[in-house]
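**Q** mmCIF, C-alpha atoms, file data.cif:
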```
data_run
#
loop_
_atom_site.label_atom_id
_atom_site.label_comp_id
_atom_site.auth_asym_id
_atom_site.auth_seq_id
_atom_site.Cartn_x
_atom_site.Cartn_y
_atom_site.Cartn_z
CA MET A 1007 70.39 -32.46 14.26
CA SER A 1008 67.79 -32.59 11.50
CA LEU A 1009 69.28 -30.78 8.52
CA LYS A 1010 66.20 -31.45 6.40
CA LYS A 1011 63.73 -30.13 8.99
CA ASN A 1012 65.81 -27.02 9.72
CA THR A 1013 66.21 -26.34 6.01
CA ILE A 1014 62.45 -26.63 5.47
CA TRP A 1015 61.79 -24.10 8.22
CA ASN A 1016 64.37 -21.77 6.70
CA LEU A 1017 62.68 -22.13 3.31
CA LEU A 1018 59.32 -21.28 4.82
CA GLY A 1019 60.80 -18.31 6.65
CA ASN A 1020 62.26 -16.88 3.47
CA GLY A 1021 59.67 -18.14 1.00
CA LEU A 1022 56.25 -17.44 2.45
CA PRO A 1023 56.75 -13.63 2.46
CA LEU A 1024 57.09 -13.87 -1.33
CA ILE A 1025 53.33 -14.44 -1.41
CA ALA A 1026 52.86 -11.01 0.12
CA ALA A 1027 55.45 -9.54 -2.26
CA ALA A 1028 53.64 -10.92 -5.30
CA ALA A 1029 50.25 -9.79 -4.02
CA PHE A 1030 51.01 -6.26 -2.84
CA THR A 1031 54.01 -4.98 -4.84
CA PRO A 1032 51.98 -4.12 -7.99
CA TYR A 1033 49.48 -2.12 -5.91
CA THR A 1034 52.23 -0.29 -4.02
CA LEU A 1035 54.09 0.49 -7.24
CA ARG A 1036 50.94 1.88 -8.93
CA GLN A 1037 50.00 4.04 -5.95
CA LEU A 1038 53.46 5.44 -5.22
CA GLY A 1039 54.72 5.75 -8.79
CA ASN A 1040 58.15 4.78 -10.05
CA GLU A 1041 60.16 7.39 -8.20
CA ALA A 1042 58.57 7.01 -4.75
CA PHE A 1043 58.65 3.23 -5.09
CA GLY A 1044 62.34 3.48 -5.97
CA VAL A 1045 62.88 5.42 -2.74
CA LEU A 1046 60.97 2.70 -0.86
CA THR A 1047 63.40 0.08 -2.20
CA LEU A 1048 66.21 2.26 -0.86
CA ILE A 1049 64.54 2.32 2.57
CA TRP A 1050 64.33 -1.47 2.50
CA ALA A 1051 68.00 -1.63 1.51
CA LEU A 1052 69.10 0.83 4.20
CA ILE A 1053 67.30 -1.01 7.01
CA GLY A 1054 68.62 -4.30 5.68
CA TYR A 1055 72.16 -2.93 5.52
CA PHE A 1056 72.25 -1.45 9.00
CA SER A 1057 70.63 -4.55 10.53
CA LEU A 1058 73.84 -6.32 9.50
CA PHE A 1059 75.85 -3.58 11.18
CA ASP A 1060 75.96 -5.74 14.32
CA PHE A 1061 79.67 -6.57 14.71
CA GLY A 1062 78.92 -10.02 13.33
CA THR A 1063 77.11 -10.85 16.55
CA GLY A 1064 74.27 -12.83 14.97
CA ARG A 1065 76.65 -15.29 13.31
CA ALA A 1066 78.98 -15.26 16.33
CA LEU A 1067 76.06 -16.22 18.58
CA THR A 1068 75.15 -19.12 16.29
CA TYR A 1069 78.76 -20.31 16.37
CA GLU A 1070 79.29 -19.91 20.14
CA ILE A 1071 75.93 -21.32 21.22
CA SER A 1072 76.28 -24.28 18.82
CA LYS A 1073 79.58 -25.14 20.48
CA LEU A 1074 78.13 -24.80 23.98
CA ARG A 1075 75.06 -26.84 23.09
CA SER A 1076 77.22 -29.57 21.57
CA ALA A 1077 79.33 -29.68 24.76
CA GLN A 1078 76.17 -29.71 26.94
CA GLN A 1079 77.26 -26.43 28.60
CA PHE A 1080 73.80 -24.92 28.75
CA GLY A 1081 74.58 -22.91 31.87
CA ALA A 1082 76.97 -20.71 29.92
CA ILE A 1083 74.40 -19.77 27.26
CA PRO A 1084 72.67 -16.91 29.19
CA SER A 1085 75.89 -14.91 29.53
CA VAL A 1086 76.68 -15.42 25.83
CA LEU A 1087 73.19 -14.34 24.79
CA LYS A 1088 73.13 -11.25 27.02
CA ALA A 1089 76.56 -10.18 25.80
CA GLY A 1090 75.45 -10.61 22.19
CA LEU A 1091 72.28 -8.58 22.59
CA LEU A 1092 74.20 -5.84 24.39
CA LEU A 1093 76.53 -5.63 21.38
CA THR A 1094 73.69 -5.53 18.85
CA ALA A 1095 71.90 -2.78 20.79
CA ALA A 1096 75.09 -0.69 20.86
CA THR A 1097 75.92 -1.14 17.19
CA GLY A 1098 72.28 -0.65 16.23
CA THR A 1099 72.34 2.69 18.01
CA LEU A 1100 75.46 3.64 16.08
CA GLY A 1101 73.72 2.67 12.83
CA THR A 1102 70.70 4.80 13.76
CA LEU A 1103 72.86 7.87 14.39
CA ILE A 1104 74.72 7.43 11.10
CA MET A 1105 71.50 7.05 9.13
CA ILE A 1106 69.94 10.14 10.76
CA VAL A 1107 73.00 12.20 9.79
CA LEU A 1108 72.89 10.89 6.22
CA ALA A 1109 69.11 11.29 5.74
CA PRO A 1110 69.10 14.95 4.56
CA HIS A 1111 71.92 14.34 2.10
CA LEU A 1112 70.28 11.21 0.71
CA ALA A 1113 66.95 12.96 0.21
CA GLN A 1114 68.10 16.37 -1.00
CA SER A 1115 71.14 15.82 -3.17
CA TRP A 1116 72.81 12.42 -3.43
CA LEU A 1117 69.96 10.36 -4.90
CA LYS A 1118 68.54 12.89 -7.38
CA ILE A 1119 65.08 12.71 -5.84
CA SER A 1120 62.66 15.25 -7.36
CA LEU A 1121 61.95 18.35 -5.28
CA PRO A 1122 58.27 17.56 -4.42
CA LEU A 1123 59.29 14.19 -2.97
CA GLN A 1124 62.37 15.28 -1.03
CA HIS A 1125 60.67 16.32 2.23
CA ASP A 1126 58.64 13.13 2.46
CA ALA A 1127 61.72 11.03 1.62
CA GLN A 1128 63.85 12.72 4.29
CA ILE A 1129 61.26 12.12 7.03
CA ALA A 1130 60.94 8.50 5.86
CA PHE A 1131 64.72 7.99 6.02
CA GLU A 1132 64.82 9.47 9.53
CA ILE A 1133 61.98 7.27 10.78
CA ALA A 1134 63.57 4.22 9.13
CA ALA A 1135 66.73 5.04 11.08
CA LEU A 1136 64.84 4.28 14.30
CA GLY A 1137 64.15 0.81 12.97
CA VAL A 1138 67.86 0.04 12.78
CA ILE A 1139 68.17 -0.71 16.53
CA PRO A 1140 65.45 -3.41 16.64
CA SER A 1141 66.77 -4.74 13.31
CA ALA A 1142 70.24 -5.25 14.78
CA VAL A 1143 68.86 -6.82 17.97
CA THR A 1144 66.68 -9.12 15.86
CA SER A 1145 69.84 -10.33 14.12
CA GLY A 1146 71.28 -11.32 17.48
CA LEU A 1147 68.10 -13.06 18.59
CA ARG A 1148 67.92 -14.99 15.32
CA GLY A 1149 71.55 -16.08 15.65
CA ALA A 1150 70.91 -17.37 19.16
CA MET A 1151 67.82 -19.30 18.08
CA GLU A 1152 69.69 -20.95 15.24
CA GLY A 1153 72.53 -21.88 17.59
CA LEU A 1154 69.92 -23.52 19.83
CA GLU A 1155 68.38 -25.14 16.73
CA ARG A 1156 65.11 -23.31 17.31
CA PHE A 1157 64.66 -22.83 13.58
CA ARG A 1158 60.88 -22.99 13.89
CA ALA A 1159 60.70 -20.00 16.25
CA SER A 1160 63.31 -18.05 14.31
CA ASN A 1161 61.50 -18.50 11.02
CA LEU A 1162 58.05 -17.74 12.40
CA ASN A 1163 59.49 -14.34 13.33
CA LYS A 1164 61.02 -14.03 9.87
CA ILE A 1165 57.71 -14.92 8.21
CA PHE A 1166 55.90 -12.25 10.22
CA LEU A 1167 58.54 -9.63 9.41
CA GLY A 1168 58.60 -10.62 5.74
CA PHE A 1169 54.84 -10.26 5.41
CA CYS A 1170 55.01 -6.89 7.17
CA MET A 1171 57.65 -5.68 4.70
CA PHE A 1172 55.22 -5.95 1.79
CA THR A 1173 51.76 -5.66 3.37
CA LEU A 1174 52.41 -2.65 5.61
CA PRO A 1175 53.33 -0.29 2.74
CA ALA A 1176 50.01 -1.14 1.05
CA LEU A 1177 48.13 -0.72 4.36
CA ALA A 1178 49.82 2.62 5.03
CA ILE A 1179 48.82 3.85 1.55
CA VAL A 1180 45.19 2.84 2.16
CA LEU A 1181 45.09 4.62 5.54
CA HIS A 1182 47.33 7.64 4.91
CA GLY A 1183 47.65 8.02 1.15
CA PRO A 1184 50.70 7.54 -1.11
CA ARG A 1185 53.27 8.98 1.30
CA LEU A 1186 56.56 7.43 2.37
CA TRP A 1187 56.86 8.44 6.02
CA PRO A 1188 53.83 6.43 7.29
CA ILE A 1189 55.24 3.39 5.48
CA ALA A 1190 58.59 3.84 7.24
CA LEU A 1191 56.81 4.22 10.59
CA TYR A 1192 54.83 1.02 10.16
CA LEU A 1193 57.96 -0.90 9.13
CA ALA A 1194 59.89 0.34 12.19
CA MET A 1195 57.03 -0.66 14.52
CA ALA A 1196 56.92 -4.14 13.01
CA ARG A 1197 60.61 -4.66 13.76
CA LEU A 1198 60.06 -3.60 17.37
CA LEU A 1199 57.30 -6.19 17.73
CA VAL A 1200 59.65 -8.88 16.44
CA VAL A 1201 62.23 -7.97 19.09
CA ILE A 1202 59.63 -8.25 21.84
CA GLY A 1203 58.46 -11.61 20.49
CA GLY A 1204 62.02 -12.93 20.18
CA ALA A 1205 62.86 -11.90 23.76
CA LEU A 1206 59.81 -13.76 25.03
CA GLN A 1207 60.78 -16.86 23.04
CA LEU A 1208 64.22 -16.84 24.71
CA HIS A 1209 62.98 -15.82 28.16
CA THR A 1210 64.51 -18.94 29.74
CA TYR A 1211 67.99 -17.67 28.91
CA LEU A 1212 67.35 -13.94 29.13
CA PHE A 1213 65.41 -13.64 32.38
CA THR A 1214 66.43 -16.73 34.34
CA LYS A 1215 69.83 -17.25 35.93
CA THR A 1216 71.16 -20.59 34.74
CA THR A 1217 74.51 -22.01 35.75
CA ASN A 1218 76.27 -25.33 35.90
CA GLU A 1219 78.09 -24.50 39.10
CA PRO A 1220 76.80 -23.11 42.41
CA THR A 1221 77.86 -19.50 43.02
CA ARG A 1222 78.61 -17.99 46.39
CA GLU A 1223 76.22 -15.26 47.44
CA ASN A 1224 78.86 -12.54 47.88
CA GLY A 1225 80.60 -13.29 44.64
CA SER A 1226 77.63 -14.04 42.38
CA GLN A 1227 77.27 -10.52 41.01
CA ALA A 1228 80.99 -10.19 40.33
CA SER A 1229 81.01 -13.65 38.76
CA GLU A 1230 78.13 -12.70 36.44
CA THR A 1231 79.88 -9.46 35.47
CA ASN A 1232 83.11 -11.32 34.71
CA ALA A 1233 81.22 -13.89 32.65
CA LEU A 1234 79.55 -11.13 30.64
CA SER A 1235 82.91 -9.44 30.03
CA GLN A 1236 84.51 -12.70 28.90
CA ARG A 1237 81.63 -13.45 26.54
CA LEU A 1238 81.82 -9.97 25.04
CA ARG A 1239 85.50 -10.48 24.28
CA SER A 1240 84.82 -13.91 22.79
CA LEU A 1241 82.03 -12.61 20.56
CA LEU A 1242 84.11 -9.65 19.47
CA SER A 1243 87.03 -11.94 18.67
CA PHE A 1244 84.90 -14.07 16.38
CA GLY A 1245 82.72 -11.25 15.15
CA PHE A 1246 85.30 -8.60 14.27
CA TRP A 1247 86.02 -9.99 10.82
CA VAL A 1248 82.37 -10.93 10.36
CA THR A 1249 81.68 -7.26 11.04
CA VAL A 1250 83.99 -6.23 8.23
CA SER A 1251 82.07 -8.55 5.91
CA SER A 1252 78.74 -7.36 7.35
CA ILE A 1253 79.63 -3.78 6.47
CA ILE A 1254 81.18 -4.47 3.07
CA SER A 1255 78.97 -7.27 1.75
CA PRO A 1256 75.66 -5.33 1.78
CA LEU A 1257 77.43 -2.45 0.03
CA MET A 1258 78.22 -4.84 -2.80
CA VAL A 1259 74.71 -6.37 -2.77
CA PHE A 1260 72.60 -3.22 -2.48
CA GLY A 1261 75.07 -0.36 -2.93
CA ASP A 1262 74.72 -0.42 -6.70
CA ARG A 1263 71.13 0.80 -6.28
CA PHE A 1264 72.36 4.06 -4.79
CA PHE A 1265 74.99 4.39 -7.52
CA VAL A 1266 72.40 3.72 -10.22
CA SER A 1267 70.03 6.25 -8.65
CA ALA A 1268 72.78 8.86 -8.55
CA MET A 1269 73.75 8.13 -12.17
CA VAL A 1270 70.38 7.79 -13.91
CA GLY A 1271 67.83 9.07 -11.36
CA ALA A 1272 65.48 7.42 -8.87
CA ASP A 1273 62.67 7.30 -11.47
CA LYS A 1274 64.55 4.60 -13.45
CA LEU A 1275 65.69 2.62 -10.43
CA SER A 1276 62.67 0.27 -10.30
CA VAL A 1277 63.71 -1.37 -13.62
CA TYR A 1278 66.93 -2.46 -11.90
CA ALA A 1279 65.82 -2.87 -8.27
CA ILE A 1280 62.74 -5.05 -8.83
CA PRO A 1281 64.58 -7.80 -10.79
CA GLN A 1282 67.45 -7.62 -8.30
CA GLU A 1283 65.06 -7.89 -5.35
CA ALA A 1284 63.30 -10.85 -6.97
CA LEU A 1285 66.59 -12.67 -7.58
CA MET A 1286 67.76 -11.96 -4.05
CA ARG A 1287 64.58 -13.65 -2.89
CA MET A 1288 65.50 -16.65 -5.03
CA LEU A 1289 68.57 -17.01 -2.85
CA LEU A 1290 66.23 -18.08 -0.07
CA VAL A 1291 66.95 -21.69 -1.04
CA PRO A 1292 70.77 -21.62 -0.57
CA ILE A 1293 70.38 -19.32 2.44
CA ALA A 1294 67.95 -21.78 4.02
CA ILE A 1295 70.29 -24.73 3.44
CA CYS A 1296 73.40 -22.90 4.62
CA GLY A 1297 71.62 -21.52 7.66
CA ALA A 1298 71.07 -25.11 8.76
CA LEU A 1299 74.59 -26.16 7.69
CA LEU A 1300 76.41 -23.63 9.89
CA PRO A 1301 75.74 -25.37 13.23
CA LEU A 1302 76.34 -28.75 11.55
CA PHE A 1303 79.72 -27.76 10.11
CA ALA A 1304 80.67 -26.15 13.44
CA THR A 1305 80.05 -29.32 15.46
CA LEU A 1306 81.33 -32.09 13.14
CA ALA A 1307 84.47 -33.36 14.86
CA ASP A 1308 85.39 -36.03 12.30
CA GLN A 1309 87.30 -34.31 9.48
CA GLN A 1310 86.44 -36.91 6.85
CA ALA A 1311 82.75 -36.60 7.72
CA LEU A 1312 83.05 -32.81 7.41
CA LYS A 1313 84.72 -33.15 4.01
CA ASN A 1314 82.06 -35.56 2.75
CA SER A 1315 79.22 -33.36 4.03
CA TYR A 1316 80.73 -30.29 2.40
CA ARG A 1317 81.15 -31.93 -1.00
CA GLN A 1318 77.68 -33.47 -0.93
CA ASN A 1319 76.02 -30.17 -0.11
CA TYR A 1320 78.14 -28.29 -2.65
CA ARG A 1321 77.01 -30.63 -5.45
CA ARG A 1322 73.40 -30.35 -4.26
CA MET A 1323 73.61 -26.55 -4.24
CA THR A 1324 75.05 -26.46 -7.77
CA PHE A 1325 72.16 -28.51 -9.11
CA ILE A 1326 69.56 -26.44 -7.25
CA MET A 1327 70.94 -23.09 -8.40
CA LEU A 1328 71.31 -24.23 -12.01
CA THR A 1329 67.68 -25.36 -12.06
CA LEU A 1330 66.42 -22.11 -10.51
CA CYS A 1331 68.43 -19.85 -12.83
CA ILE A 1332 67.30 -21.69 -15.95
CA ALA A 1333 63.70 -21.28 -14.75
CA VAL A 1334 64.29 -17.53 -14.29
CA ALA A 1335 65.68 -17.21 -17.81
CA LEU A 1336 62.63 -18.98 -19.26
CA PHE A 1337 59.88 -17.29 -17.26
CA ALA A 1338 61.22 -13.80 -16.49
CA TYR A 1339 59.49 -12.04 -19.39
CA PRO A 1340 56.04 -13.67 -19.11
CA GLY A 1341 56.23 -13.39 -15.33
CA PHE A 1342 56.95 -9.64 -15.30
CA SER A 1343 54.39 -9.09 -18.06
CA LEU A 1344 51.60 -10.67 -16.05
CA TRP A 1345 52.74 -9.26 -12.73
CA LEU A 1346 53.49 -5.68 -13.77
CA SER A 1347 53.32 -4.89 -17.49
CA PRO A 1348 54.78 -5.93 -20.87
CA GLU A 1349 56.60 -2.59 -21.08
CA PHE A 1350 58.31 -3.18 -17.74
CA ALA A 1351 59.14 -6.79 -18.72
CA SER A 1352 60.87 -5.64 -21.92
CA LYS A 1353 63.04 -3.15 -20.05
CA ALA A 1354 63.81 -5.51 -17.16
CA LEU A 1355 64.55 -8.71 -19.13
CA PRO A 1356 68.20 -7.97 -20.07
CA ILE A 1357 68.94 -6.87 -16.50
CA THR A 1358 67.27 -9.99 -15.12
CA LEU A 1359 69.26 -12.38 -17.33
CA ILE A 1360 72.59 -10.79 -16.41
CA LEU A 1361 71.79 -10.79 -12.70
CA ALA A 1362 70.51 -14.38 -12.90
CA ALA A 1363 73.92 -15.55 -14.12
CA GLY A 1364 75.54 -13.85 -11.14
CA THR A 1365 72.93 -15.26 -8.77
CA PHE A 1366 73.94 -18.80 -9.75
CA PHE A 1367 77.50 -18.24 -8.55
CA ASN A 1368 76.33 -16.24 -5.56
CA GLY A 1369 74.20 -19.16 -4.41
CA ILE A 1370 76.84 -21.88 -4.65
CA ALA A 1371 79.43 -19.59 -3.04
CA LEU A 1372 77.38 -19.67 0.16
CA VAL A 1373 78.49 -23.27 0.85
CA PRO A 1374 82.26 -22.57 1.09
CA HIS A 1375 81.45 -19.29 2.86
CA THR A 1376 79.47 -21.20 5.50
CA LEU A 1377 82.20 -23.80 5.92
CA LEU A 1378 84.89 -21.17 6.52
CA HIS A 1379 82.74 -19.37 9.10
CA ALA A 1380 81.86 -22.63 10.84
CA GLN A 1381 85.58 -23.34 11.18
CA GLY A 1382 86.25 -19.88 12.62
CA LYS A 1383 87.93 -18.56 9.44
CA THR A 1384 86.04 -15.27 9.41
CA LYS A 1385 89.17 -13.21 8.75
CA ILE A 1386 89.66 -14.86 5.36
CA THR A 1387 86.15 -14.06 4.07
CA ALA A 1388 86.42 -10.47 5.32
CA GLN A 1389 89.72 -9.97 3.49
CA PHE A 1390 88.16 -11.33 0.31
CA HIS A 1391 85.24 -8.93 0.63
CA PHE A 1392 87.57 -5.97 1.11
CA ILE A 1393 89.52 -6.85 -2.04
CA GLU A 1394 86.29 -7.41 -3.97
CA LEU A 1395 84.86 -4.06 -2.87
CA LEU A 1396 87.82 -2.12 -4.25
CA LEU A 1397 87.59 -3.92 -7.59
CA TYR A 1398 83.79 -3.70 -7.65
CA ILE A 1399 83.71 0.07 -7.19
CA ALA A 1400 86.07 0.57 -10.13
CA VAL A 1401 84.27 -1.89 -12.39
CA LEU A 1402 80.82 -0.56 -11.41
CA TYR A 1403 81.81 3.02 -12.11
CA PHE A 1404 83.23 2.17 -15.53
CA LEU A 1405 80.47 -0.18 -16.72
CA ALA A 1406 77.54 1.83 -15.33
CA THR A 1407 78.90 5.04 -16.82
CA TRP A 1408 79.22 3.53 -20.28
CA PHE A 1409 76.41 0.96 -20.36
CA GLY A 1410 73.88 2.21 -17.77
CA LEU A 1411 71.69 -0.35 -16.01
CA ALA A 1412 73.10 -3.30 -17.97
CA GLY A 1413 76.63 -2.21 -17.05
CA ALA A 1414 75.72 -2.14 -13.35
CA ALA A 1415 74.30 -5.65 -13.69
CA PHE A 1416 77.48 -6.90 -15.38
CA ALA A 1417 79.59 -5.33 -12.63
CA TRP A 1418 77.61 -7.10 -9.91
CA THR A 1419 77.88 -10.44 -11.75
CA PHE A 1420 81.64 -10.00 -12.13
CA ARG A 1421 81.96 -9.40 -8.40
CA VAL A 1422 80.01 -12.50 -7.30
CA ILE A 1423 81.93 -14.75 -9.73
CA LEU A 1424 85.20 -13.50 -8.24
CA ASP A 1425 83.80 -14.11 -4.75
CA TRP A 1426 82.87 -17.70 -5.67
CA ILE A 1427 86.34 -18.45 -7.07
CA LEU A 1428 88.12 -17.15 -3.96
CA LEU A 1429 85.83 -18.94 -1.49
CA HIS A 1430 85.76 -22.24 -3.37
CA VAL A 1431 89.55 -22.49 -3.73
CA THR A 1432 90.12 -21.53 -0.08
CA ALA A 1433 87.54 -24.01 1.24
CA GLN A 1434 89.07 -26.84 -0.81
CA ARG A 1435 92.53 -25.98 0.50
CA HIS A 1436 91.26 -25.86 4.09
CA LEU A 1437 89.61 -29.28 3.82
CA LYS A 1438 92.74 -30.77 2.27
CA ASN A 1439 94.94 -29.42 5.06
CA GLN A 1440 92.53 -30.60 7.77
CA THR A 1441 92.37 -34.12 6.31
CA ALA A 1442 96.19 -34.26 6.09
CA HIS A 1443 96.50 -33.39 9.77
#
```
Since I need it in another form, could you write the structure as structure tokens?
**A**
Amino acid sequence: MSLKKNTIWNLLGNGLPLIAAAAFTPYTLRQLGNEAFGVLTLIWALIGYFSLFDFGTGRALTYEISKLRSAQQFGAIPSVLKAGLLLTAATGTLGTLIMIVLAPHLAQSWLKISLPLQHDAQIAFEIAALGVIPSAVTSGLRGAMEGLERFRASNLNKIFLGFCMFTLPALAIVLHGPRLWPIALYLAMARLLVVIGGALQLHTYLFTKTTNEPTRENGSQASETNALSQRLRSLLSFGFWVTVSSIISPLMVFGDRFFVSAMVGADKLSVYAIPQEALMRMLLVPIAICGALLPLFATLADQQALKNSYRQNYRRMTFIMLTLCIAVALFAYPGFSLWLSPEFASKALPITLILAAGTFFNGIALVPHTLLHAQGKTKITAQFHFIELLLYIAVLYFLATWFGLAGAAFAWTFRVILDWILLHVTAQRHLKNQTAH
């Protein structure tokens, strides 16, 4: 296993789309205006949220396939993969139905969108809902590729999708004018193309029967059905608590945007959402490292080696995040001034600095989070997220009501610091207990 090579591919997968973001976001913002662009950020957040509404199958597939690959049980991988994609298709369909039901309320009342924009926004939300199914299936395909250590293929798909996220809105504006529904249509079509490409990349496991043992002709179909049923139960067992986190965690990452929009209006949302989106992109570095660490932590049998690897990568992550956050603090104002405008930079700077402090803790918390998942401790992280959500809602309501955008930023930072404390202490305790045994 090449941790360095896999991390580099993860960095490319998350980082190269930033080129498209830097190039096309100013144009899209100018053409749509603040309010419509704010709604576009909500569409991105909704699709991103419901793509995680996959019963934890993407991470479960990485975990299960890593174990099978390590044990050289390649014949069992097709049944695991098919079961996982079946789950993601089902949960993606559920996410689509929920989003279609919510679309009129989001557009007409909840988000305080101005009357002339409401019809366009509602159609865009409904079209974006159709993109939830391929988004969820893509999550499963990516998890399988990472379990097979096909980080190159997984990240080529991610690069394509990332470029589409920022280039297609600009293309849709050029071809159809500054309307939201063509943008949503182009984004949904891009996600469908990624599913087709991912299925072709895994065709050996999806379309070819592979087994370690010969099956009798009369019992082969029943055997395959039983294998699929067993794999579904196994994935659900691992993924149930990941699902809880997958539902709650995006609410805490992106849910404040909807709260801010409801409190102050969609026209002011860009001052908060753009710095937040930029800082979320900065997390590409810890996400890239931890994406490669998951299969490594899952397959290290020697407990002392696991402990040493964890501590080494935790120290590395702390140094990386500290360096990145200091750079953000120094270059946020000149960067936003050149990229967008001095007026926007002045408004966004306080928000950016507060969120940058939280991003530091959010980044290093990914290491203990990855360790606990790699050791099958998904229930613990889900319970933490549930506790955090209850506290976060109360703190967000209080601080945003009294201090506006800055209050929302402080509430998010409080939540990620609490998350880091809980995960770090639990991971240390787990490693200590494992070493003692």
**Q** Given the file shown, enumerate the residues that the PyMOL selection byres ((chain A and resi 1351) around 12) captures and present them as a list of chain:residue names.
**A**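 What the PyMOL selection byres ((chain A and resi 1351) around 12) grabs from the file is A:Ser1276, A:Val1277, A:Tyr1278, A:Ile1280, A:Pro1281, A:Phe1337, A:Ala1338, A:Tyr1339, A:Pro1340, A:Gly1341, A:Phe1342, A:Ser1343, A:Leu1344, A:Trp1345, A:Leu1346, A:Ser1347, A:Pro1348, A:Glu1349, A:Phe1350, A:Ser1352, A:Lys1353, A:Ala1354, A:Leu1355, A:Pro1356, A:Ile1357, A:Thr1358, A:Leu1359.
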**Q** Suppose you want the space between atom CA of Leu1022 of chain A and atom CA of Ile1165 of chain A; what is it in Å?
**A**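 Going from atom CA of Leu1022 of chain A over to atom CA of Ile1165 of chain A, I get 6.5 Å.
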**Q** Expanded to explicit residues, what is the PyMOL selection byres ((chain A and resi 1309) around 12) for this file, as JSON, numbers by chain?
**A** {"A": [1303, 1304, 1305, 1306, 1307, 1308, 1310, 1311, 1312, 1313, 1314, 1315, 1316, 1381, 1436, 1437, 1438, 1439, 1440, 1441, 1442, 1443]}
**Q** Name the residues captured by the PyMOL selection byres ((chain A and resi 1091) around 12) when it is applied to the shown file; answer as a PyMOL selection string.
**A** chain A and resi 1060-1064+1066-1067+1084-1090+1092-1098+1139-1150+1201+1204-1205+1208+1211-1212+1234+1237-1238+1241
**Q** Just the residues within 8 Å of Pro1301 of chain A, please, counting all atoms listed in the file, with nothing from its chain fewer than 5 positions along; format it as JSON, numbers by chain.
**A** {"A": [1068, 1069, 1072, 1152, 1153, 1380]}
**Q** Atoms are missing here; could segment 1405-1409 of chain A be completed with all heavy atoms and written as a compact mmCIF listing (two decimals), in the frame of the given file?
**A**
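Output saved as selection.txt:
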```
# COMPACT_ATOMS: atom_id res chain seq x y z
N LEU A 1405 81.52 0.47 -15.94
CA LEU A 1405 80.47 -0.18 -16.72
C LEU A 1405 79.14 0.58 -16.64
O LEU A 1405 78.43 0.69 -17.64
CB LEU A 1405 80.28 -1.63 -16.26
CG LEU A 1405 81.44 -2.58 -16.56
CD1 LEU A 1405 81.13 -3.98 -16.06
CD2 LEU A 1405 81.74 -2.61 -18.06
N ALA A 1406 78.79 1.09 -15.45
CA ALA A 1406 77.54 1.83 -15.33
C ALA A 1406 77.58 3.15 -16.08
O ALA A 1406 76.57 3.60 -16.63
CB ALA A 1406 77.20 2.07 -13.86
N THR A 1407 78.76 3.78 -16.10
CA THR A 1407 78.90 5.04 -16.82
C THR A 1407 78.70 4.84 -18.32
O THR A 1407 78.04 5.64 -18.99
CB THR A 1407 80.28 5.66 -16.55
OG1 THR A 1407 80.42 5.90 -15.14
CG2 THR A 1407 80.44 6.97 -17.30
N TRP A 1408 79.26 3.75 -18.83
CA TRP A 1408 79.22 3.53 -20.28
C TRP A 1408 77.99 2.75 -20.74
O TRP A 1408 77.50 2.95 -21.86
CB TRP A 1408 80.49 2.79 -20.72
CG TRP A 1408 81.68 3.69 -20.77
CD1 TRP A 1408 82.60 3.89 -19.78
CD2 TRP A 1408 82.07 4.54 -21.84
NE1 TRP A 1408 83.54 4.80 -20.17
CE2 TRP A 1408 83.25 5.22 -21.45
CE3 TRP A 1408 81.56 4.80 -23.11
CZ2 TRP A 1408 83.91 6.14 -22.26
CZ3 TRP A 1408 82.21 5.70 -23.92
CH2 TRP A 1408 83.37 6.37 -23.50
N PHE A 1409 77.49 1.84 -19.91
CA PHE A 1409 76.41 0.96 -20.36
C PHE A 1409 75.15 1.04 -19.49
O PHE A 1409 74.24 0.24 -19.67
CB PHE A 1409 76.92 -0.49 -20.38
CG PHE A 1409 78.13 -0.68 -21.25
CD1 PHE A 1409 79.39 -0.83 -20.67
CD2 PHE A 1409 78.03 -0.70 -22.63
CE1 PHE A 1409 80.52 -1.00 -21.46
CE2 PHE A 1409 79.15 -0.87 -23.43
CZ PHE A 1409 80.40 -1.01 -22.84
```
